[in-house]
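J.: Submitted below is the structure of interest, expressed as structure tokens.
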Amino acid sequence: MSAPSFAPTDPLGLDDLLSPEDLAVRDTVRAWAADRVLPHIAGWYEDGELPGIRELARELGSIGALGMSLTGYGCAGASAVQYGLACLELEAADSGIRSLVSVQGSLAMYAIWKYGSEEQKRRWLPGMAAGELIGCFGLTEPDVGSDPAAMRTYAKRDGGDWVLNGRKMWITNGSVASVAVVWAQTDEGIRGFAVPTDTPGFSAPEIKHKWSLRASVTSELVMDDVRLPADAVLAGVTGLKGPLGCLSHARYGIVWGSMGAARASFEAALDYARTREQFGKPIGGFQLTQAKLADMALELHKGILLAHHLGRRMDAGTLRPEQISFGKLNNVREAIEICRTARTILGANGISLEYPVMRHATNLESVLTYEGTVEMHQLVLGKALTGLDAFR
């Protein structure tokens, strides 16, 4: 039996690891992104807006992309690998679109699904899975990022109610959300709350003047004496393990998604190198360009292989948070380097929105920071390797 021909877009033959069902999920999301995002994304990015976000959310719900690895309540019940493939395809279009899906499914929906009451699940999850309701996740604060234990947002009991005060910052989907999962200090420890965004005292002004994730709704959450009934609390968890458990689920999606941005940039550079002529021949025929392409392909497909491995472990129930840190740290860092190298192959054209490379590179600067900075993931791994805690 002869070996199959070499495929520049799949040099390791990683598609052989995928089942027909995996491929169907991937192809469905890829086709949706090609039809609904790619023709418009450069304009959205340049304008700094994501028009029609509610319609996009409903369409994503219709293809099963929202909360897709969750079960019940209208969720697709897909495998972790299938969810990862969806994240890859969405971020190959734009990080902002993948962030919309990640925050909806892996943070807001996952928090309610994992820690909420049956009443909360029935109230929120079916509409969120369908994209009829949008959710957001409030953990980061203006003065508190990597140290969520120091959060200042506070919820105090008042009779049978809770009264919530505080601010959250850099919240994806905040200004368009129907429900905000907000984490707050209480007298009994950190608790999560499912907050209807039409509750008096709650507001979510949109953050403007961003140079990254421009085609994404990013907001501040302001809670000024927000009064909530007792059943607004997520009763299934107390302490930081609640929000950190949600973040692990979302970071896993980033392991895959970042490789989508890298793939789009690599493929743009490869196509350009085959057709752009200098000194009488395509620049892809020069040794320096080929060296760049080879190095980019190595890191891209090693990253996808790592994502596959972590996905299989998640499906088997054996994936550890430290392993997710391994993937998030490596893949986002390598994705940025691939984008930067792709930009050099495109030369001056690399800064044009006619090509996706600079857009992906600037988006990845945000992805590098959110849901755990480089330094935090290095320290997570450092602690796991040495048994010594360098955080404090």
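Residue numbering restarts at 1 for every chain of the structure tokens, chains are lettered A, B, ... in their displayed order, and ligands are numbered from 1 as they appear.
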Quick one: DSSP helix (DSSP H, G or I) residues in segment 175-380 of chain A, as a VMD selection string?
T.: chain A and resid 175 to 176 230 to 232 241 to 275 283 to 285 287 to 316 321 to 351 357 to 369 374 to 380
J.: So that I can see what lies close to Gln378 of chain A, please list as a ChimeraX atom specification the residues with an atom at most 10 Å from it, counting only C-alpha atoms and leaving out residues fewer than 2 positions away in the same chain.
T.: /A:322,325-326,329-330,372-376,380-384
J.: Let's have the selection written as a compact mmCIF listing (two decimals), in the first residue's frame, with N, CA, C and O atoms.
T.:
```
# COMPACT_ATOMS: atom_id res chain seq x y z
N GLU A 322 -3.20 21.69 34.64
CA GLU A 322 -1.81 22.00 34.26
C GLU A 322 -1.56 21.68 32.79
O GLU A 322 -0.77 22.35 32.12
N SER A 325 -2.90 24.48 30.76
CA SER A 325 -1.92 25.57 30.78
C SER A 325 -0.80 25.31 29.79
O SER A 325 -0.33 26.23 29.10
N PHE A 326 -0.35 24.07 29.72
CA PHE A 326 0.68 23.68 28.75
C PHE A 326 0.24 24.06 27.35
O PHE A 326 0.99 24.68 26.57
N LEU A 329 -0.37 28.08 26.86
CA LEU A 329 0.90 28.79 26.81
C LEU A 329 1.61 28.55 25.49
O LEU A 329 2.02 29.49 24.80
N ASN A 330 1.75 27.30 25.11
CA ASN A 330 2.48 26.99 23.88
C ASN A 330 1.76 27.48 22.64
O ASN A 330 2.36 28.16 21.79
N GLY A 372 -5.63 33.89 31.52
CA GLY A 372 -4.31 33.47 32.00
C GLY A 372 -3.20 34.01 31.14
O GLY A 372 -3.05 33.63 29.98
N THR A 373 -2.42 34.94 31.68
CA THR A 373 -1.29 35.50 30.95
C THR A 373 -0.19 34.44 30.77
O THR A 373 -0.20 33.39 31.41
N VAL A 374 0.77 34.77 29.92
CA VAL A 374 1.94 33.89 29.76
C VAL A 374 2.57 33.59 31.11
O VAL A 374 2.87 32.43 31.45
N GLU A 375 2.76 34.65 31.90
CA GLU A 375 3.45 34.48 33.17
C GLU A 375 2.69 33.56 34.12
O GLU A 375 3.28 32.73 34.82
N MET A 376 1.37 33.68 34.15
CA MET A 376 0.57 32.85 35.05
C MET A 376 0.64 31.38 34.64
O MET A 376 0.77 30.48 35.48
N VAL A 380 2.01 28.23 36.73
CA VAL A 380 1.22 27.01 36.95
C VAL A 380 2.07 25.78 36.63
O VAL A 380 2.13 24.81 37.39
N LEU A 381 2.77 25.83 35.49
CA LEU A 381 3.62 24.71 35.10
C LEU A 381 4.83 24.59 36.02
O LEU A 381 5.26 23.48 36.37
N GLY A 382 5.38 25.75 36.42
CA GLY A 382 6.52 25.73 37.32
C GLY A 382 6.18 25.06 38.64
O GLY A 382 6.96 24.25 39.17
N LYS A 383 5.00 25.37 39.17
CA LYS A 383 4.57 24.73 40.41
C LYS A 383 4.37 23.24 40.22
O LYS A 383 4.75 22.42 41.07
N ALA A 384 3.75 22.87 39.08
CA ALA A 384 3.51 21.45 38.82
C ALA A 384 4.83 20.69 38.68
O ALA A 384 4.95 19.54 39.12
```
J.: List the neighbours of His308 of chain A out to 10 Å using only C-alpha atoms; skip same-chain residues closer than 2 positions along the sequence, and give me the result as a PDB file with all heavy atoms, in the first residue's frame.
T.:
```
ATOM      1  N   LEU A  14      -3.111  14.776   9.918  1.00  0.00           N
ATOM      2  CA  LEU A  14      -3.886  14.807  11.156  1.00  0.00           C
ATOM      3  C   LEU A  14      -5.372  14.569  10.930  1.00  0.00           C
ATOM      4  O   LEU A  14      -6.082  14.175  11.864  1.00  0.00           O
ATOM      5  CB  LEU A  14      -3.675  16.146  11.872  1.00  0.00           C
ATOM      6  CG  LEU A  14      -2.247  16.424  12.352  1.00  0.00           C
ATOM      7  CD1 LEU A  14      -2.186  17.753  13.098  1.00  0.00           C
ATOM      8  CD2 LEU A  14      -1.735  15.294  13.224  1.00  0.00           C
ATOM      9  N   LEU A  17      -6.894  11.372  12.155  1.00  0.00           N
ATOM     10  CA  LEU A  17      -7.269  11.195  13.551  1.00  0.00           C
ATOM     11  C   LEU A  17      -8.751  11.474  13.790  1.00  0.00           C
ATOM     12  O   LEU A  17      -9.255  11.199  14.879  1.00  0.00           O
ATOM     13  CB  LEU A  17      -6.445  12.131  14.441  1.00  0.00           C
ATOM     14  CG  LEU A  17      -4.923  11.959  14.418  1.00  0.00           C
ATOM     15  CD1 LEU A  17      -4.263  13.044  15.268  1.00  0.00           C
ATOM     16  CD2 LEU A  17      -4.527  10.580  14.920  1.00  0.00           C
ATOM     17  N   LEU A  18      -9.419  12.011  12.787  1.00  0.00           N
ATOM     18  CA  LEU A  18     -10.792  12.468  12.965  1.00  0.00           C
ATOM     19  C   LEU A  18     -11.789  11.448  12.433  1.00  0.00           C
ATOM     20  O   LEU A  18     -11.576  10.839  11.381  1.00  0.00           O
ATOM     21  CB  LEU A  18     -10.995  13.805  12.259  1.00  0.00           C
ATOM     22  CG  LEU A  18     -10.078  14.947  12.698  1.00  0.00           C
ATOM     23  CD1 LEU A  18     -10.329  16.187  11.843  1.00  0.00           C
ATOM     24  CD2 LEU A  18     -10.275  15.254  14.171  1.00  0.00           C
ATOM     25  N   ALA A  80     -15.292  16.808  23.208  1.00  0.00           N
ATOM     26  CA  ALA A  80     -14.332  17.889  23.405  1.00  0.00           C
ATOM     27  C   ALA A  80     -13.545  18.156  22.130  1.00  0.00           C
ATOM     28  O   ALA A  80     -13.243  19.314  21.807  1.00  0.00           O
ATOM     29  CB  ALA A  80     -13.387  17.540  24.551  1.00  0.00           C
ATOM     30  N   VAL A  81     -13.195  17.108  21.405  1.00  0.00           N
ATOM     31  CA  VAL A  81     -12.462  17.294  20.144  1.00  0.00           C
ATOM     32  C   VAL A  81     -13.326  18.052  19.142  1.00  0.00           C
ATOM     33  O   VAL A  81     -12.840  18.959  18.449  1.00  0.00           O
ATOM     34  CB  VAL A  81     -12.003  15.938  19.580  1.00  0.00           C
ATOM     35  CG1 VAL A  81     -11.508  16.091  18.142  1.00  0.00           C
ATOM     36  CG2 VAL A  81     -10.896  15.351  20.458  1.00  0.00           C
ATOM     37  N   GLN A  82     -14.587  17.710  19.053  1.00  0.00           N
ATOM     38  CA  GLN A  82     -15.468  18.417  18.121  1.00  0.00           C
ATOM     39  C   GLN A  82     -15.617  19.881  18.513  1.00  0.00           C
ATOM     40  O   GLN A  82     -15.615  20.761  17.641  1.00  0.00           O
ATOM     41  CB  GLN A  82     -16.825  17.718  18.076  1.00  0.00           C
ATOM     42  CG  GLN A  82     -16.771  16.367  17.389  1.00  0.00           C
ATOM     43  CD  GLN A  82     -18.007  15.524  17.603  1.00  0.00           C
ATOM     44  OE1 GLN A  82     -18.939  15.924  18.311  1.00  0.00           O
ATOM     45  NE2 GLN A  82     -18.025  14.330  17.020  1.00  0.00           N
ATOM     46  N   GLY A  84     -13.350  21.588  20.067  1.00  0.00           N
ATOM     47  CA  GLY A  84     -12.077  22.194  19.700  1.00  0.00           C
ATOM     48  C   GLY A  84     -11.979  22.503  18.216  1.00  0.00           C
ATOM     49  O   GLY A  84     -11.501  23.573  17.819  1.00  0.00           O
ATOM     50  N   LEU A  85     -12.431  21.579  17.396  1.00  0.00           N
ATOM     51  CA  LEU A  85     -12.423  21.816  15.945  1.00  0.00           C
ATOM     52  C   LEU A  85     -13.270  23.026  15.582  1.00  0.00           C
ATOM     53  O   LEU A  85     -12.904  23.823  14.707  1.00  0.00           O
ATOM     54  CB  LEU A  85     -12.924  20.577  15.216  1.00  0.00           C
ATOM     55  CG  LEU A  85     -12.001  19.356  15.234  1.00  0.00           C
ATOM     56  CD1 LEU A  85     -12.754  18.112  14.797  1.00  0.00           C
ATOM     57  CD2 LEU A  85     -10.783  19.590  14.340  1.00  0.00           C
ATOM     58  N   VAL A 255      -6.731  26.701  23.172  1.00  0.00           N
ATOM     59  CA  VAL A 255      -5.659  25.842  22.662  1.00  0.00           C
ATOM     60  C   VAL A 255      -5.909  25.529  21.187  1.00  0.00           C
ATOM     61  O   VAL A 255      -4.996  25.565  20.353  1.00  0.00           O
ATOM     62  CB  VAL A 255      -5.564  24.544  23.489  1.00  0.00           C
ATOM     63  CG1 VAL A 255      -4.511  23.604  22.900  1.00  0.00           C
ATOM     64  CG2 VAL A 255      -5.227  24.858  24.943  1.00  0.00           C
ATOM     65  N   TRP A 256      -7.152  25.230  20.860  1.00  0.00           N
ATOM     66  CA  TRP A 256      -7.528  24.968  19.467  1.00  0.00           C
ATOM     67  C   TRP A 256      -7.670  26.273  18.675  1.00  0.00           C
ATOM     68  O   TRP A 256      -7.179  26.381  17.541  1.00  0.00           O
ATOM     69  CB  TRP A 256      -8.859  24.234  19.423  1.00  0.00           C
ATOM     70  CG  TRP A 256      -8.836  22.805  19.806  1.00  0.00           C
ATOM     71  CD1 TRP A 256      -8.980  22.287  21.060  1.00  0.00           C
ATOM     72  CD2 TRP A 256      -8.682  21.683  18.926  1.00  0.00           C
ATOM     73  NE1 TRP A 256      -8.936  20.910  21.009  1.00  0.00           N
ATOM     74  CE2 TRP A 256      -8.756  20.518  19.722  1.00  0.00           C
ATOM     75  CE3 TRP A 256      -8.504  21.557  17.547  1.00  0.00           C
ATOM     76  CZ2 TRP A 256      -8.647  19.233  19.176  1.00  0.00           C
ATOM     77  CZ3 TRP A 256      -8.405  20.289  16.993  1.00  0.00           C
ATOM     78  CH2 TRP A 256      -8.477  19.149  17.807  1.00  0.00           C
ATOM     79  N   LYS A 302       2.351  20.943  15.023  1.00  0.00           N
ATOM     80  CA  LYS A 302       2.621  20.444  16.373  1.00  0.00           C
ATOM     81  C   LYS A 302       1.565  20.971  17.343  1.00  0.00           C
ATOM     82  O   LYS A 302       1.104  20.241  18.239  1.00  0.00           O
ATOM     83  CB  LYS A 302       4.018  20.866  16.838  1.00  0.00           C
ATOM     84  CG  LYS A 302       5.143  20.057  16.219  1.00  0.00           C
ATOM     85  CD  LYS A 302       6.464  20.283  16.937  1.00  0.00           C
ATOM     86  CE  LYS A 302       6.978  21.689  16.831  1.00  0.00           C
ATOM     87  NZ  LYS A 302       8.323  21.851  17.449  1.00  0.00           N
ATOM     88  N   GLY A 303       1.184  22.222  17.176  1.00  0.00           N
ATOM     89  CA  GLY A 303       0.154  22.799  18.044  1.00  0.00           C
ATOM     90  C   GLY A 303      -1.191  22.132  17.864  1.00  0.00           C
ATOM     91  O   GLY A 303      -1.914  21.887  18.842  1.00  0.00           O
ATOM     92  N   ILE A 304      -1.563  21.840  16.618  1.00  0.00           N
ATOM     93  CA  ILE A 304      -2.833  21.140  16.379  1.00  0.00           C
ATOM     94  C   ILE A 304      -2.779  19.728  16.961  1.00  0.00           C
ATOM     95  O   ILE A 304      -3.751  19.248  17.557  1.00  0.00           O
ATOM     96  CB  ILE A 304      -3.153  21.111  14.873  1.00  0.00           C
ATOM     97  CG1 ILE A 304      -3.382  22.539  14.348  1.00  0.00           C
ATOM     98  CG2 ILE A 304      -4.378  20.238  14.602  1.00  0.00           C
ATOM     99  CD1 ILE A 304      -3.571  22.623  12.851  1.00  0.00           C
ATOM    100  N   LEU A 305      -1.630  19.053  16.817  1.00  0.00           N
ATOM    101  CA  LEU A 305      -1.476  17.718  17.389  1.00  0.00           C
ATOM    102  C   LEU A 305      -1.602  17.764  18.912  1.00  0.00           C
ATOM    103  O   LEU A 305      -2.251  16.893  19.522  1.00  0.00           O
ATOM    104  CB  LEU A 305      -0.127  17.131  16.982  1.00  0.00           C
ATOM    105  CG  LEU A 305       0.144  15.675  17.390  1.00  0.00           C
ATOM    106  CD1 LEU A 305      -0.909  14.739  16.825  1.00  0.00           C
ATOM    107  CD2 LEU A 305       1.537  15.260  16.932  1.00  0.00           C
ATOM    108  N   LEU A 306      -1.021  18.782  19.537  1.00  0.00           N
ATOM    109  CA  LEU A 306      -1.159  18.959  20.986  1.00  0.00           C
ATOM    110  C   LEU A 306      -2.625  19.172  21.359  1.00  0.00           C
ATOM    111  O   LEU A 306      -3.120  18.588  22.335  1.00  0.00           O
ATOM    112  CB  LEU A 306      -0.303  20.148  21.435  1.00  0.00           C
ATOM    113  CG  LEU A 306      -0.466  20.624  22.882  1.00  0.00           C
ATOM    114  CD1 LEU A 306      -0.168  19.495  23.869  1.00  0.00           C
ATOM    115  CD2 LEU A 306       0.446  21.827  23.146  1.00  0.00           C
ATOM    116  N   LEU A 310      -4.879  16.841  23.926  1.00  0.00           N
ATOM    117  CA  LEU A 310      -5.600  17.347  25.091  1.00  0.00           C
ATOM    118  C   LEU A 310      -7.103  17.086  24.962  1.00  0.00           C
ATOM    119  O   LEU A 310      -7.780  16.799  25.953  1.00  0.00           O
ATOM    120  CB  LEU A 310      -5.321  18.829  25.285  1.00  0.00           C
ATOM    121  CG  LEU A 310      -3.860  19.220  25.568  1.00  0.00           C
ATOM    122  CD1 LEU A 310      -3.750  20.720  25.798  1.00  0.00           C
ATOM    123  CD2 LEU A 310      -3.292  18.448  26.746  1.00  0.00           C
ATOM    124  N   GLY A 311      -7.623  17.195  23.746  1.00  0.00           N
ATOM    125  CA  GLY A 311      -9.038  16.914  23.533  1.00  0.00           C
ATOM    126  C   GLY A 311      -9.398  15.467  23.839  1.00  0.00           C
ATOM    127  O   GLY A 311     -10.448  15.181  24.449  1.00  0.00           O
ATOM    128  N   ARG A 312      -8.552  14.543  23.428  1.00  0.00           N
ATOM    129  CA  ARG A 312      -8.811  13.132  23.724  1.00  0.00           C
ATOM    130  C   ARG A 312      -8.757  12.891  25.233  1.00  0.00           C
ATOM    131  O   ARG A 312      -9.545  12.095  25.770  1.00  0.00           O
ATOM    132  CB  ARG A 312      -7.788  12.244  23.013  1.00  0.00           C
ATOM    133  CG  ARG A 312      -7.807  12.328  21.490  1.00  0.00           C
ATOM    134  CD  ARG A 312      -9.144  11.949  20.900  1.00  0.00           C
ATOM    135  NE  ARG A 312      -9.098  12.000  19.432  1.00  0.00           N
ATOM    136  CZ  ARG A 312     -10.167  12.061  18.648  1.00  0.00           C
ATOM    137  NH1 ARG A 312     -11.375  12.082  19.192  1.00  0.00           N
ATOM    138  NH2 ARG A 312     -10.038  12.114  17.340  1.00  0.00           N
ATOM    139  N   ARG A 313      -7.850  13.573  25.905  1.00  0.00           N
ATOM    140  CA  ARG A 313      -7.778  13.432  27.361  1.00  0.00           C
ATOM    141  C   ARG A 313      -9.028  14.020  28.021  1.00  0.00           C
ATOM    142  O   ARG A 313      -9.545  13.458  28.989  1.00  0.00           O
ATOM    143  CB  ARG A 313      -6.513  14.098  27.910  1.00  0.00           C
ATOM    144  CG  ARG A 313      -5.227  13.368  27.547  1.00  0.00           C
ATOM    145  CD  ARG A 313      -4.015  13.954  28.258  1.00  0.00           C
ATOM    146  NE  ARG A 313      -4.092  13.715  29.707  1.00  0.00           N
ATOM    147  CZ  ARG A 313      -3.728  12.589  30.308  1.00  0.00           C
ATOM    148  NH1 ARG A 313      -3.280  11.568  29.596  1.00  0.00           N
ATOM    149  NH2 ARG A 313      -3.820  12.469  31.621  1.00  0.00           N
ATOM    150  N   MET A 314      -9.506  15.143  27.519  1.00  0.00           N
ATOM    151  CA  MET A 314     -10.729  15.715  28.089  1.00  0.00           C
ATOM    152  C   MET A 314     -11.902  14.768  27.866  1.00  0.00           C
ATOM    153  O   MET A 314     -12.724  14.547  28.775  1.00  0.00           O
ATOM    154  CB  MET A 314     -11.014  17.087  27.488  1.00  0.00           C
ATOM    155  CG  MET A 314     -12.278  17.733  28.038  1.00  0.00           C
ATOM    156  SD  MET A 314     -12.573  19.433  27.472  1.00  0.00           S
ATOM    157  CE  MET A 314     -11.566  20.341  28.660  1.00  0.00           C
TER     158      MET A 314
END
```
J.: Nearest to Thr369 of chain A among A:Cys75, A:Ile190, A:Val332, A:Ala291, with distances taken over only C-alpha atoms: which residue is it?
T.: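 Result for the nearest residue to Thr369 of chain A: A:Val332.
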J.: Give me, as a tab-separated table, each residue of segment 103-205 of chain A that comes within 6 Å of segment 60-67 of chain A, together with its shortest interatomic pair and the distance in Å at one decimal, counting only C-alpha atoms, with rows ordered by chain and rising residue number.
T.:
```
residue	atom	partner	partner_atom	distance
A:Gly105	CA	A:Gly67	CA	3.8
A:Ala129	CA	A:Leu66	CA	5.1
A:Ala130	CA	A:Gly61	CA	4.2
A:Gly131	CA	A:Gly61	CA	4.7
```
J.: Which value, in Å to one decimal, gives the distance between atom CA of Glu188 of chain A and atom CA of Val103 of chain A?
T.: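 Spanning atom CA of Glu188 of chain A to atom CA of Val103 of chain A is a straight-line distance of 26.7 Å.
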J.: Give me, please, the distance in Å between atom CA of Pro200 of chain A and atom CA of Thr153 of chain A, quoted to one decimal.
T.: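 Here the two named atoms are 16.7 Å from each other.
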J.: Report as a list in words all protein, DNA and RNA residues lying within 12 Å of Lys210 of chain A, evaluated on only C-alpha atoms, omitting residues in the same chain fewer than 5 positions from it.
T.: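 In the requested form, the answer reads Tyr45, Glu46, Asp47, Gly48, Glu49, Trp170, Ala215, Ser216, Val217, Thr218, Ser219, Thr362, Asn363, Glu365 and Ser366 of chain A.
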J.: Write out as a Markdown table the residues of segment 257-277 of chain A that have any atom within 6 Å of an atom of segment 338-357 of chain A, one row each with the nearest atom pair and its distance in Å to one decimal, counting only C-alpha atoms, sorted by chain and then rising number.
T.:
```
| residue | atom | partner | partner_atom | distance |
| --- | --- | --- | --- | --- |
| A:Ala262 | CA | A:Ile338 | CA | 5.9 |
| A:Ser265 | CA | A:Val357 | CA | 5.0 |
| A:Ala269 | CA | A:Ala342 | CA | 5.2 |
```
J.: Give me the residues near Gly253 of chain A as a list in words, where near means some atom within 8 Å (using only C-alpha atoms) and where sequence neighbours in that chain fewer than 6 positions away do not count.
T.: Tyr83, Gly84, Cys87 and Ser102 of chain A
J.: Restricted to C-alpha atoms, what would the selected residues look like written as an mmCIF file, in the first residue's frame?
T.:
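Saved result, again_25.cif, follows:
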```
data_model
loop_
_atom_site.group_PDB
_atom_site.id
_atom_site.type_symbol
_atom_site.label_atom_id
_atom_site.label_comp_id
_atom_site.auth_asym_id
_atom_site.auth_seq_id
_atom_site.Cartn_x
_atom_site.Cartn_y
_atom_site.Cartn_z
ATOM 1 C CA TYR A 83 -15.773 21.545 20.250
ATOM 2 C CA GLY A 84 -12.077 22.194 19.700
ATOM 3 C CA CYS A 87 -13.068 26.789 17.950
ATOM 4 C CA SER A 102 -16.280 30.615 24.060
#
```
J.: Quick one: of A:Ile283, A:Ala204, A:Cys136, A:Ala3, who's nearest to Met109 of chain A, counting only C-alpha atoms?
T.: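 Closest to Met109 of chain A of all the choices is A:Cys136.
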J.: Name the closest residue to Pro126 of chain A among the candidates A:Leu70, A:Leu364, A:Cys246, A:Leu100; distances are taken between atoms, counting only C-alpha atoms.
T.: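 Counting only C-alpha atoms, the residue closest to Pro126 of chain A is A:Leu70.
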J.: For a quick check of understanding, using only C-alpha atoms, which of A:Gly72, A:Ser258, A:Leu385, A:Ser248 has the smallest distance to Glu118 of chain A?
T.: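 Using only C-alpha atoms, Glu118 of chain A sits closest to A:Gly72.
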J.: Determine the nearest neighbour of Ile171 of chain A from the options A:Glu334, A:Glu220, A:Glu132, A:Asp22, counting only C-alpha atoms.
T.: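 For Ile171 of chain A, the nearest of the candidates is A:Glu220.
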J.: For each of A:Ser5, A:Gln287, A:Thr199, A:Ser69, take the minimum atom-to-atom distance to Val101 of chain A, counting only C-alpha atoms, then give the residue where this is smallest.
T.: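 Under the stated criterion, the closest residue is A:Ser69.
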